Each structure stands twice: as C-alpha cells, then as structure tokens.
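Content type mmCIF, C-alpha atoms, from the file model_25.cif:
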```cif
data_target
#
loop_
_atom_site.label_atom_id
_atom_site.label_comp_id
_atom_site.auth_asym_id
_atom_site.auth_seq_id
_atom_site.Cartn_x
_atom_site.Cartn_y
_atom_site.Cartn_z
CA MET N 1 27.57 12.56 14.50
CA LYS N 2 30.74 14.70 14.50
CA GLY N 3 32.56 12.43 12.09
CA ILE N 4 29.72 12.03 9.63
CA ARG N 5 28.89 15.78 9.82
CA ARG N 6 32.51 16.59 9.01
CA LEU N 7 32.38 14.32 5.99
CA ALA N 8 29.14 15.91 4.80
CA GLU N 9 30.52 19.44 5.14
CA HIS N 10 33.77 18.48 3.40
CA LEU N 11 31.86 16.97 0.47
CA ASN N 12 29.12 19.61 0.48
CA ILE N 13 26.35 16.99 0.54
CA SER N 14 23.74 16.10 3.14
CA ILE N 15 24.41 13.94 6.19
CA GLY N 16 21.63 11.61 5.00
CA THR N 17 23.35 11.06 1.64
CA VAL N 18 26.66 10.32 3.38
CA SER N 19 24.93 7.86 5.70
CA ARG N 20 23.18 6.07 2.84
CA ALA N 21 26.42 5.87 0.86
CA LEU N 22 28.32 4.40 3.81
CA ASN N 23 25.54 1.85 4.38
CA GLY N 24 25.53 0.75 0.74
CA ARG N 25 21.98 1.92 0.04
CA PRO N 26 20.96 1.47 -3.62
CA ASP N 27 19.48 5.00 -3.90
CA VAL N 28 22.97 6.57 -3.98
CA ASN N 29 24.73 6.66 -7.36
CA GLU N 30 28.11 5.01 -7.70
CA ALA N 31 30.06 8.24 -8.23
CA THR N 32 28.72 9.76 -5.01
CA ARG N 33 29.29 6.53 -3.11
CA ARG N 34 32.92 6.46 -4.25
CA ARG N 35 33.45 10.11 -3.22
CA VAL N 36 32.05 9.37 0.24
CA LEU N 37 34.12 6.21 0.72
CA ASP N 38 37.30 7.92 -0.47
CA ALA N 39 36.72 10.85 1.88
CA ALA N 40 35.95 8.51 4.78
CA ALA N 41 39.25 6.72 4.17
CA GLU N 42 41.10 10.04 3.98
CA PHE N 43 39.62 11.25 7.28
CA GLY N 44 39.96 7.85 8.95
CA TYR N 45 36.23 7.78 9.62
CA VAL N 46 34.77 4.49 10.88
CA PRO N 47 30.98 4.36 11.43
CA ASP N 48 29.78 3.60 14.94
CA GLN N 49 28.32 0.16 14.29
CA ALA N 50 26.88 -0.19 17.79
CA GLY N 51 25.06 3.12 17.52
CA ARG N 52 23.83 2.33 14.04
CA THR N 53 22.51 -1.03 15.25
CA LEU N 54 20.54 0.69 18.01
CA ARG N 55 19.11 3.29 15.64
CA GLN N 56 18.23 0.96 12.76
CA GLY N 57 17.53 -2.22 14.70
CA THR N 58 19.79 -4.19 12.31
CA THR N 59 23.42 -5.33 12.36
CA ASN N 60 23.89 -5.93 8.61
CA ALA N 61 25.48 -9.25 9.54
CA VAL N 62 24.57 -12.93 9.15
CA GLY N 63 25.84 -15.53 11.60
CA PHE N 64 27.03 -19.02 10.66
CA MET N 65 26.85 -21.29 13.70
CA MET N 66 29.24 -24.23 13.83
CA GLU N 67 29.47 -26.93 16.48
CA SER N 68 33.22 -27.45 16.83
CA GLY N 69 32.81 -30.86 18.42
CA ALA N 70 30.05 -32.16 16.16
CA ASP N 71 30.31 -35.02 13.70
CA THR N 72 30.17 -32.81 10.66
CA SER N 73 31.78 -33.05 7.28
CA GLY N 74 33.97 -30.03 7.91
CA ASN N 75 36.80 -31.13 10.16
CA PRO N 76 40.31 -30.14 9.07
CA ASP N 77 39.67 -30.40 5.34
CA ASN N 78 38.24 -26.89 4.66
CA PHE N 79 34.60 -27.90 4.04
CA PHE N 80 33.26 -24.84 5.84
CA PHE N 81 35.83 -22.46 4.38
CA GLY N 82 34.57 -23.30 0.89
CA VAL N 83 30.96 -22.82 2.00
CA PHE N 84 31.83 -19.51 3.73
CA ASP N 85 33.28 -18.19 0.47
CA GLY N 86 30.03 -18.82 -1.36
CA VAL N 87 27.85 -17.35 1.39
CA GLN N 88 29.98 -14.21 1.58
CA THR N 89 29.79 -13.81 -2.20
CA VAL N 90 26.02 -13.39 -1.86
CA LEU N 91 26.10 -11.23 1.27
CA SER N 92 28.66 -8.83 -0.20
CA ARG N 93 26.18 -7.95 -2.96
CA HIS N 94 24.11 -6.26 -0.25
CA HIS N 95 26.96 -4.98 1.93
CA LEU N 96 26.25 -7.62 4.56
CA ASP N 97 28.94 -9.36 6.59
CA LEU N 98 29.34 -13.00 7.59
CA VAL N 99 30.11 -13.73 11.24
CA VAL N 100 31.26 -17.23 12.21
CA LEU N 101 29.84 -18.38 15.55
CA PRO N 102 31.77 -21.46 16.78
CA CYS N 103 29.98 -23.26 19.60
CA PRO N 104 32.52 -24.86 21.99
CA THR N 105 32.49 -28.61 22.41
CA ASP N 106 31.57 -28.41 26.09
CA GLU N 107 28.62 -26.01 25.69
CA ASP N 108 25.04 -26.91 24.86
CA PRO N 109 24.39 -25.65 21.29
CA THR N 110 20.89 -24.40 22.10
CA GLN N 111 22.08 -22.37 25.09
CA TYR N 112 24.92 -20.96 23.01
CA LEU N 113 22.48 -19.95 20.28
CA ARG N 114 20.11 -18.45 22.85
CA ARG N 115 22.94 -16.22 24.08
CA MET N 116 23.88 -15.12 20.57
CA ILE N 117 20.26 -14.18 19.86
CA ALA N 118 19.96 -12.25 23.12
CA ARG N 119 23.06 -10.23 22.25
CA ARG N 120 21.62 -9.32 18.84
CA LEU N 121 24.93 -9.99 17.13
CA VAL N 122 23.38 -10.79 13.75
CA ASP N 123 20.18 -10.27 11.77
CA ALA N 124 19.87 -13.86 10.53
CA LEU N 125 21.50 -17.23 11.02
CA ILE N 126 22.76 -20.30 9.22
CA ILE N 127 22.91 -23.38 11.43
CA SER N 128 24.72 -26.63 10.64
CA ALA N 129 25.18 -30.11 12.14
CA THR N 130 21.42 -30.54 12.47
CA HIS N 131 20.20 -33.29 14.77
CA ARG N 132 17.20 -35.60 14.51
CA LYS N 133 15.51 -33.53 17.19
CA ASP N 134 17.02 -30.06 17.10
CA PRO N 135 15.89 -27.58 19.80
CA ARG N 136 17.67 -24.79 17.89
CA VAL N 137 14.98 -24.93 15.22
CA GLU N 138 12.24 -24.54 17.81
CA LEU N 139 14.13 -21.63 19.41
CA LEU N 140 14.66 -19.79 16.13
CA ASN N 141 11.03 -20.23 15.13
CA LYS N 142 9.89 -18.94 18.50
CA THR N 143 12.15 -15.89 18.41
CA ARG N 144 11.34 -15.28 14.73
CA VAL N 145 14.97 -14.90 13.75
CA PRO N 146 15.35 -15.60 10.00
CA PHE N 147 17.47 -18.71 9.44
CA ILE N 148 18.37 -21.54 7.12
CA ALA N 149 19.71 -24.95 8.08
CA LEU N 150 22.57 -26.74 6.37
CA GLY N 151 21.02 -30.13 6.95
CA ARG N 152 17.58 -31.60 7.57
CA THR N 153 16.00 -32.37 10.91
CA GLY N 154 13.07 -34.38 12.19
CA THR N 155 11.86 -31.41 14.24
CA PRO N 156 8.53 -30.22 12.72
CA SER N 157 9.11 -26.89 11.00
CA ASP N 158 8.69 -25.24 7.60
CA HIS N 159 12.01 -23.39 7.74
CA PRO N 160 14.33 -23.26 4.69
CA TRP N 161 17.05 -25.90 4.45
CA ILE N 162 19.62 -27.30 2.06
CA ASP N 163 21.12 -30.73 2.66
CA LEU N 164 23.58 -32.95 0.84
CA ASP N 165 22.24 -35.93 -1.09
CA PHE N 166 23.01 -38.61 1.50
CA GLU N 167 20.31 -40.90 0.12
CA GLY N 168 21.64 -40.67 -3.42
CA VAL N 169 25.21 -41.35 -2.35
CA ALA N 170 24.20 -44.38 -0.25
CA HIS N 171 22.13 -45.88 -3.08
CA ARG N 172 24.75 -45.29 -5.76
CA ALA N 173 27.55 -46.63 -3.57
CA VAL N 174 25.66 -49.84 -2.75
CA ASP N 175 24.57 -50.27 -6.38
CA ARG N 176 28.17 -49.90 -7.54
CA LEU N 177 29.50 -52.40 -5.02
CA VAL N 178 26.78 -54.97 -5.66
CA ALA N 179 27.50 -54.71 -9.41
CA LYS N 180 31.11 -55.63 -8.60
CA GLY N 181 30.00 -58.74 -6.74
CA HIS N 182 29.93 -57.57 -3.12
CA ARG N 183 27.27 -58.81 -0.71
CA ARG N 184 28.81 -58.14 2.71
CA ILE N 185 28.97 -54.32 2.64
CA ALA N 186 29.79 -52.48 5.86
CA VAL N 187 28.92 -48.85 6.51
CA ALA N 188 30.63 -46.35 8.85
CA VAL N 189 28.33 -43.67 10.27
CA PRO N 190 28.54 -41.11 13.09
CA GLY N 191 28.19 -42.26 16.67
CA SER N 192 26.12 -39.18 17.58
CA ASP N 193 22.48 -38.33 16.86
CA ILE N 194 23.39 -36.00 14.01
CA ASN N 195 20.64 -36.37 11.42
CA LEU N 196 22.83 -37.09 8.41
CA GLY N 197 23.78 -40.42 9.98
CA VAL N 198 20.12 -41.39 10.35
CA ILE N 199 19.39 -40.45 6.73
CA PHE N 200 22.44 -42.24 5.37
CA LEU N 201 21.84 -45.42 7.35
CA GLN N 202 18.20 -45.67 6.25
CA ALA N 203 19.18 -45.17 2.61
CA TYR N 204 21.84 -47.88 2.99
CA LYS N 205 19.19 -50.27 4.32
CA ASP N 206 16.82 -49.40 1.48
CA ALA N 207 19.55 -49.95 -1.11
CA LEU N 208 20.40 -53.37 0.31
CA ALA N 209 16.72 -54.33 0.26
CA ARG N 210 16.42 -53.39 -3.42
CA HIS N 211 19.13 -55.95 -4.15
CA GLY N 212 17.61 -58.62 -1.91
CA ILE N 213 20.42 -58.36 0.66
CA ALA N 214 19.38 -58.74 4.29
CA PHE N 215 20.43 -55.91 6.59
CA ASP N 216 22.99 -56.99 9.20
CA GLN N 217 23.34 -54.64 12.19
CA ARG N 218 26.81 -56.06 12.82
CA LEU N 219 28.01 -54.40 9.62
CA VAL N 220 27.13 -50.92 10.91
CA ILE N 221 30.20 -49.26 12.44
CA TYR N 222 29.61 -46.20 14.60
CA THR N 223 32.63 -43.93 14.86
CA SER N 224 33.82 -40.31 14.77
CA SER N 225 34.24 -38.09 11.72
CA SER N 226 38.02 -38.09 11.57
CA GLU N 227 41.08 -39.98 10.42
CA GLN N 228 41.13 -41.71 13.81
CA GLY N 229 37.51 -42.69 13.33
CA GLY N 230 38.42 -44.29 10.02
CA TYR N 231 41.28 -46.17 11.65
CA GLN N 232 38.92 -47.50 14.31
CA ALA N 233 36.31 -48.42 11.68
CA ALA N 234 38.85 -50.49 9.73
CA HIS N 235 40.00 -52.13 12.96
CA GLN N 236 36.43 -53.19 13.74
CA LEU N 237 35.94 -54.41 10.19
CA ILE N 238 39.02 -56.68 10.12
CA SER N 239 38.17 -57.95 13.62
CA MET N 240 34.82 -59.36 12.49
CA PRO N 241 34.62 -63.19 12.33
CA GLN N 242 33.57 -62.90 8.68
CA MET N 243 35.20 -59.76 7.35
CA PRO N 244 33.07 -57.63 4.99
CA THR N 245 34.39 -57.30 1.45
CA ALA N 246 33.44 -53.63 1.11
CA ALA N 247 32.84 -50.51 3.18
CA VAL N 248 31.04 -47.22 2.59
CA LEU N 249 32.33 -44.31 4.70
CA VAL N 250 29.99 -41.41 5.39
CA TYR N 251 32.97 -39.06 5.98
CA GLU N 252 35.76 -38.65 3.48
CA LEU N 253 38.47 -38.07 6.10
CA MET N 254 37.78 -41.53 7.50
CA ALA N 255 39.41 -42.96 4.39
CA ILE N 256 42.86 -41.78 5.48
CA GLY N 257 42.77 -43.71 8.74
CA PHE N 258 40.90 -46.57 7.09
CA TYR N 259 43.67 -47.06 4.51
CA ARG N 260 46.34 -46.95 7.22
CA ARG N 261 44.71 -49.63 9.39
CA LEU N 262 44.18 -51.93 6.42
CA ARG N 263 47.83 -51.64 5.45
CA ASP N 264 48.93 -52.22 9.04
CA ALA N 265 47.07 -55.53 8.79
CA GLY N 266 48.69 -56.42 5.46
CA LEU N 267 45.52 -55.67 3.49
CA ALA N 268 45.09 -53.39 0.48
CA PRO N 269 42.18 -51.03 -0.29
CA GLY N 270 40.64 -51.92 -3.63
CA ARG N 271 42.02 -55.45 -3.57
CA ASN N 272 41.15 -57.03 -0.22
CA VAL N 273 38.49 -54.50 0.78
CA ALA N 274 36.58 -52.16 -1.53
CA VAL N 275 36.19 -48.63 -0.18
CA ILE N 276 33.83 -45.82 -1.20
CA ALA N 277 33.83 -42.52 0.70
CA PHE N 278 31.17 -39.83 0.82
CA ARG N 279 32.96 -36.73 -0.45
CA GLU N 280 36.18 -35.85 -2.18
CA SER N 281 38.51 -33.69 -0.06
CA PRO N 282 41.90 -32.11 -0.74
CA LEU N 283 43.59 -34.66 1.53
CA SER N 284 41.89 -37.72 0.06
CA ARG N 285 43.22 -36.85 -3.41
CA PHE N 286 46.66 -38.04 -2.32
CA LEU N 287 45.50 -41.52 -1.33
CA SER N 288 46.67 -44.53 -3.28
CA PRO N 289 44.81 -46.27 -4.77
CA ALA N 290 42.70 -43.31 -5.86
CA LEU N 291 39.58 -43.04 -3.72
CA THR N 292 36.16 -43.60 -5.24
CA CYS N 293 33.97 -40.87 -3.77
CA PHE N 294 31.56 -38.07 -4.65
CA SER N 295 32.29 -34.41 -5.40
CA MET N 296 30.49 -31.10 -5.18
CA SER N 297 31.21 -27.37 -5.39
CA LEU N 298 31.39 -26.01 -1.85
CA ARG N 299 31.30 -22.45 -3.15
CA ASP N 300 28.11 -23.10 -5.14
CA LEU N 301 26.57 -24.68 -2.04
CA GLY N 302 27.44 -21.55 -0.06
CA ILE N 303 25.92 -19.31 -2.73
CA ALA N 304 22.70 -21.33 -2.61
CA LEU N 305 22.63 -21.08 1.20
CA GLY N 306 23.11 -17.32 1.10
CA GLU N 307 20.47 -16.71 -1.55
CA SER N 308 17.98 -19.05 0.09
CA LEU N 309 18.44 -17.33 3.45
CA LEU N 310 17.88 -13.87 1.94
CA ALA N 311 14.80 -15.21 0.15
CA SER N 312 13.25 -15.79 3.58
CA MET N 313 13.91 -12.19 4.72
CA PRO N 314 11.30 -9.55 3.75
CA ALA N 315 13.95 -6.96 2.83
CA TYR N 316 15.39 -9.22 0.12
CA ALA N 317 12.44 -11.42 -0.87
CA GLU N 318 11.78 -9.50 -4.10
CA ILE N 319 15.39 -9.96 -5.19
CA TYR N 320 15.35 -13.68 -4.36
CA PRO N 321 11.78 -14.89 -5.04
CA GLN N 322 12.49 -18.58 -4.34
CA GLY N 323 10.24 -18.66 -1.30
CA THR N 324 10.98 -21.21 1.41
CA VAL N 325 13.71 -23.44 -0.01
CA HIS N 326 13.85 -27.20 0.68
CA ARG N 327 16.66 -28.58 -1.46
CA VAL N 328 18.76 -31.73 -1.64
CA TRP N 329 22.19 -30.86 -3.06
CA PRO N 330 23.43 -33.25 -5.79
CA MET N 331 26.77 -35.08 -5.69
CA GLU N 332 28.84 -36.31 -8.64
CA LEU N 333 30.60 -39.67 -8.62
CA VAL N 334 34.39 -39.57 -8.88
CA GLU N 335 35.58 -43.00 -9.97
CA GLY N 336 38.80 -44.25 -8.41
CA ASP N 337 40.50 -47.59 -7.85
CA SER N 338 39.58 -48.12 -4.21
CA ASP N 339 36.48 -50.17 -5.01
CA ASN N 340 37.83 -52.57 -7.59
CA VAL N 341 36.73 -56.21 -7.63
CA LEU N 342 38.44 -58.16 -4.90
CA GLU N 343 40.94 -60.88 -5.59
CA ARG N 344 39.35 -64.30 -5.23
#
```
Step by step, read the file and then write its structure as structure tokens.
Amino acid sequence: MKGIRRLAEHLNISIGTVSRALNGRPDVNEATRRRVLDAAAEFGYVPDQAGRTLRQGTTNAVGFMMESGADTSGNPDNFFFGVFDGVQTVLSRHHLDLVVLPCPTDEDPTQYLRRMIARRLVDALIISATHRKDPRVELLNKTRVPFIALGRTGTPSDHPWIDLDFEGVAHRAVDRLVAKGHRRIAVAVPGSDINLGVIFLQAYKDALARHGIAFDQRLVIYTSSSEQGGYQAAHQLISMPQMPTAAVLVYELMAIGFYRRLRDAGLAPGRNVAVIAFRESPLSRFLSPALTCFSMSLRDLGIALGESLLASMPAYAEIYPQGTVHRVWPMELVEGDSDNVLER
C-alpha cells in the first residue's frame, strides 16, 4: 500500500480513486485516469498484480491455449498471430491482457490445462485444436471456468465456439473440380483425431455423393499439417496405381511440399494434377502456378472470439449480449491456376 498511498497523497485524491484509475474502472473520468497514470510512471510505481489477484479474485487476463504439436492450421505461417491481434483488440477495451499458454508436444493437453486452472493464471480461456472427444471441455465445464473453443467437438456441451467453414470449403472445392471434369479427387487430412479432419472428410464424402461419385477410401491421404506432410501426400498420390487427377488439401502449408514433390516427379500442378488448398497463407502466395484456395480475416476471427468469450462472462454480458455463440466462420474463394483442367 506504500506505493499507492504515496501516489494518492501526491495527487491529493483518495487511494480508492487511484486504485480504480490504475485498474481501468469506467467510473473514473479520463482526465483523472491520465493524471494517475502519468504520476505512476513518474514514480516508477507498478501495481502488485499477485496481491491484487488475491484481493479481487481476478487476474484481468485471458489465456489462449495452443497445442504446439497438434495438427492445427497455425504452424509457421502466422495463423495464430493474426488471431491474437484480434483477440487483444477486444480485451484491451476492458484493460484485460492476453496470455498465450503453449502446451508442449510431450504433455497431455488436459493435464496441462488442469495445472493452468489450479494456478489461477487467467480468468477465462480460449482453447484450440479441438478433438472429436475433448476432455478439456469436460474439465472446463466442471471447474466453471469461462471459455470459448476455436473449433467444434463431439463432446456434449453447450459452451460457446467458433469454427472455420470446413464443410463449405470441402463442398465448394469438390464442386469446382467436378465442374472441370475431375472424378478421381484425393483429399489430404490430418492423421490425428483432431475434429476438423473428421468434419472435412465427412463433407468431402457428402459432396462426392451429390455428384454421384462413389467414395474411395484409397483416395484419403492421412498426413501432418506441414510442408513435409504435403510432400508425403503428393508422394502417396503419384504412387497410386491409378493416380488421382485432383487433390484437396485441408492445410494450406501442405501445398508447398505438394508442389515440390510433383515437380520432382516431372509433373506440374494445374496441368497434370489439380490442387485446391484450404486457406491462403503468406507463404502460399509465392507459389507458381497461383494456388486456388480460400481466404479469411484472421484479425476479424480473433475479434469475434474475444467478443464471444466476454459475452459468456457475467461482468461483460451486458456489453456483449450475443449469448452463447455457436458460429461457423465463412471463407472466400481465391481463384488461382492450380486447379485448371488437366491436359488430355
């Protein structure tokens, strides 16, 4: 209390007003808040966050849990950095901080999350890389920690979530390829039980059925979400007795390795094999021929995640009256030359 009392005496205002100004409370006018912050900087005063957490029972922080070894669409291409920017834009309106919680590859995600909750590091959580059966959802519901999931799960729960439009991408990709004359269309999906792979594969099957094309399990390639995974997917594709004429890649970074393996075999994307990837990334923009894929605003996705999370928290529910959000995030087609009609 010595530091905050010194500030209050210096400014000739109450300790309570100083505390509310430092905590970003809305009942302090902007001029007073600025005086307090300027004086705190002058005196080198830093609030005791640990003590404040004990007194208030809050940390004023939101955690974003990532599984560093998961088959997610982040990887090296800055997916999560764009999402973080949007989330922090929302949190900063309320003087809340974003804390990234990276779960190591060799640790069980549920145990990691259990430890983070026990340490009371954050007031709420955003989880990603959701699985078909996700024990983290059960844990968060049981502990009553507010959370939102970036991704759907088959685990029964009425928690808020936002997920990318995997169904829409699969249907539009297959429709586009069939319209160009393709019938043997391969798909590359994650080799893990991450739920996006399940959703994407089912939508791929449904799209084939709409066009009267029988599903062939041999055309499903399970691989990792990386350039190496794309290289391996192309290797499997060209090794098939009857090579598919087209491929849909659920991860955009796969396209880099996929292109390389095709060229190593003397084949050309867009001429010998049509290629459509899930999402545009900064790296894929340099591919030639230009990659046909789907785009989205990562920042807008992050803003929606932040607002939807706060909507589930009583302290912010009046500001964000959306209720429990269940939302599929749309994707826009970016037409390239990688899925042109093959030479006959």
Explicit residue set for the PyMOL selection byres ((chain N and resi 123-133) around 8), as a CSV table (one decimal) with C-alpha atoms, keeping the file's coordinate frame:
```csv
chain,number,residue,atom,x,y,z
N,58,THR,CA,19.8,-4.2,12.3
N,59,THR,CA,23.4,-5.3,12.4
N,60,ASN,CA,23.9,-5.9,8.6
N,61,ALA,CA,25.5,-9.2,9.5
N,62,VAL,CA,24.6,-12.9,9.2
N,63,GLY,CA,25.8,-15.5,11.6
N,64,PHE,CA,27.0,-19.0,10.7
N,65,MET,CA,26.8,-21.3,13.7
N,66,MET,CA,29.2,-24.2,13.8
N,67,GLU,CA,29.5,-26.9,16.5
N,70,ALA,CA,30.0,-32.2,16.2
N,71,ASP,CA,30.3,-35.0,13.7
N,72,THR,CA,30.2,-32.8,10.7
N,120,ARG,CA,21.6,-9.3,18.8
N,121,LEU,CA,24.9,-10.0,17.1
N,122,VAL,CA,23.4,-10.8,13.8
N,134,ASP,CA,17.0,-30.1,17.1
N,135,PRO,CA,15.9,-27.6,19.8
N,145,VAL,CA,15.0,-14.9,13.8
N,146,PRO,CA,15.4,-15.6,10.0
N,147,PHE,CA,17.5,-18.7,9.4
N,148,ILE,CA,18.4,-21.5,7.1
N,149,ALA,CA,19.7,-25.0,8.1
N,150,LEU,CA,22.6,-26.7,6.4
N,151,GLY,CA,21.0,-30.1,7.0
N,152,ARG,CA,17.6,-31.6,7.6
N,153,THR,CA,16.0,-32.4,10.9
N,154,GLY,CA,13.1,-34.4,12.2
N,155,THR,CA,11.9,-31.4,14.2
N,193,ASP,CA,22.5,-38.3,16.9
N,194,ILE,CA,23.4,-36.0,14.0
N,195,ASN,CA,20.6,-36.4,11.4
N,196,LEU,CA,22.8,-37.1,8.4
N,198,VAL,CA,20.1,-41.4,10.4
N,309,LEU,CA,18.4,-17.3,3.4
```
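Using all atoms listed in the file for every distance, the candidate list N:Glu252, N:Leu140, N:Leu310, N:His171 yields N:Leu140 as the residue closest to Ile117 of chain N.
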Dump as a compact mmCIF listing (two decimals) with C-alpha atoms, in the coordinates of the input all residues having an atom at most 8 Å from (29.9, -61.7, -1.0), computed in the file's coordinates with only C-alpha atoms.
```
# COMPACT_ATOMS: atom_id res chain seq x y z
CA GLY N 181 30.00 -58.74 -6.74
CA HIS N 182 29.93 -57.57 -3.12
CA ARG N 183 27.27 -58.81 -0.71
CA ARG N 184 28.81 -58.14 2.71
CA PRO N 244 33.07 -57.63 4.99
CA THR N 245 34.39 -57.30 1.45
```
Inset, instruction - Would you translate the PyMOL selection byres ((chain N and resi 232) around 12) into the concrete set of residues it matches in this file, as an NGL selection string? - result: :N and (188-189 or 221-231 or 233-239 or 254-262)
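Picture a line from atom CA of Leu101 of chain N to atom CA of Asp85 of chain N; it runs 15.5 Å.
Of the residues listed (N:Leu219, N:Gly3, N:Gly168, N:Ser14), N:Leu219 shows the shortest atom-to-atom separation from Gln242 of chain N; distances use all atoms listed in the file.
Residues within 9 Å of segment 283-294 of chain N, counting only C-alpha atoms and excluding same-chain residues fewer than 4 positions away, are N:Asp77, N:Val169, N:Ala173, N:Glu252, N:Leu253, N:Ala255, N:Ile256, N:Tyr259, N:Ala268, N:Pro269, N:Gly270, N:Val275, N:Ile276, N:Ala277, N:Phe278, N:Arg279, N:Met331, N:Glu332, N:Leu333, N:Val334, N:Glu335, N:Gly336, N:Asp337, N:Ser338, N:Asp339.
Atom pair atom CA of Arg136 of chain N / atom CA of Arg114 of chain N has a distance of 8.4 Å (rounded to one decimal).
Taking atom CA of Val28 of chain N and atom CA of Gly302 of chain N as endpoints, the distance between them is 28.7 Å.
Here the PyMOL selection byres ((chain N and resi 110) around 10) catches exactly these residues: Cys103, Glu107, Asp108, Pro109, Gln111, Tyr112, Leu113, Arg114, Arg115, Met116, Asp134, Pro135, Arg136, Val137, Glu138, Leu139 and Leu140 of chain N.
Across N:Gln202, N:Ala41, N:Gly306, N:Asp300, the tightest approach to Asp97 of chain N is made by N:Gly306 when counting all atoms listed in the file.
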Box for segment 40-46 of chain N - axis-aligned, 8 Å on each of the six sides, all listed atoms - centre and size in Å to one decimal, as lines of an AutoDock Vina configuration file.
```
center_x = 37.9
center_y = 7.9
center_z = 7.4
size_x = 22.3
size_y = 22.8
size_z = 22.9
```
Inset, instruction - Using only C-alpha atoms, determine which residues lie at most 12 Å from Thr32 of chain N, disregarding the query and same-chain residues fewer than 3 positions distant; provide the list as a PyMOL selection string. - result: chain N and resi 8+11-14+17-22+24-29+35-39
Legend entry - Long-range neighbours of Arg299 of chain N as an NGL selection string, 12 Å cut-off, all atoms listed in the file, 4 positions minimum in chain: :N and (78-90 or 303-306)
Start from the incomplete input, build all heavy atoms for segment 121-128 of chain N, and deliver everything as a CSV table (one decimal), in the coordinates of the input.
```csv
chain,number,residue,atom,x,y,z
N,121,LEU,N,23.7,-10.1,17.9
N,121,LEU,CA,24.9,-10.0,17.1
N,121,LEU,C,24.7,-10.0,15.6
N,121,LEU,O,25.5,-9.4,14.9
N,121,LEU,CB,25.9,-11.1,17.5
N,121,LEU,CG,26.4,-11.2,19.0
N,121,LEU,CD1,27.3,-12.4,19.2
N,121,LEU,CD2,27.2,-9.9,19.3
N,122,VAL,N,23.6,-10.6,15.2
N,122,VAL,CA,23.4,-10.8,13.8
N,122,VAL,C,21.9,-10.6,13.5
N,122,VAL,O,21.1,-10.7,14.4
N,122,VAL,CB,23.9,-12.2,13.2
N,122,VAL,CG1,25.4,-12.3,13.4
N,122,VAL,CG2,23.2,-13.3,14.0
N,123,ASP,N,21.6,-10.4,12.2
N,123,ASP,CA,20.2,-10.3,11.8
N,123,ASP,C,19.5,-11.6,11.4
N,123,ASP,O,18.3,-11.7,11.4
N,123,ASP,CB,20.1,-9.3,10.6
N,123,ASP,CG,20.6,-7.9,10.9
N,123,ASP,OD1,20.4,-7.5,12.1
N,123,ASP,OD2,21.1,-7.3,10.0
N,124,ALA,N,20.4,-12.6,11.0
N,124,ALA,CA,19.9,-13.9,10.5
N,124,ALA,C,21.0,-14.9,10.8
N,124,ALA,O,22.1,-14.6,11.0
N,124,ALA,CB,19.5,-13.8,9.1
N,125,LEU,N,20.6,-16.2,10.7
N,125,LEU,CA,21.5,-17.2,11.0
N,125,LEU,C,21.5,-18.4,10.0
N,125,LEU,O,20.4,-18.7,9.4
N,125,LEU,CB,21.2,-17.8,12.4
N,125,LEU,CG,21.6,-16.9,13.6
N,125,LEU,CD1,20.7,-17.2,14.8
N,125,LEU,CD2,23.1,-17.3,13.9
N,126,ILE,N,22.6,-19.0,9.9
N,126,ILE,CA,22.8,-20.3,9.2
N,126,ILE,C,23.2,-21.3,10.3
N,126,ILE,O,24.2,-21.1,11.0
N,126,ILE,CB,23.8,-20.3,8.1
N,126,ILE,CG1,23.4,-19.2,7.0
N,126,ILE,CG2,23.9,-21.6,7.4
N,126,ILE,CD1,24.4,-18.9,6.0
N,127,ILE,N,22.5,-22.4,10.5
N,127,ILE,CA,22.9,-23.4,11.4
N,127,ILE,C,23.3,-24.6,10.7
N,127,ILE,O,22.8,-24.9,9.6
N,127,ILE,CB,21.8,-23.7,12.5
N,127,ILE,CG1,20.6,-24.3,11.8
N,127,ILE,CG2,21.5,-22.5,13.3
N,127,ILE,CD1,19.5,-24.8,12.8
N,128,SER,N,24.2,-25.4,11.3
N,128,SER,CA,24.7,-26.6,10.6
N,128,SER,C,24.7,-27.8,11.7
N,128,SER,O,24.3,-27.6,12.8
N,128,SER,CB,26.1,-26.4,10.1
N,128,SER,OG,27.0,-26.1,11.2
```
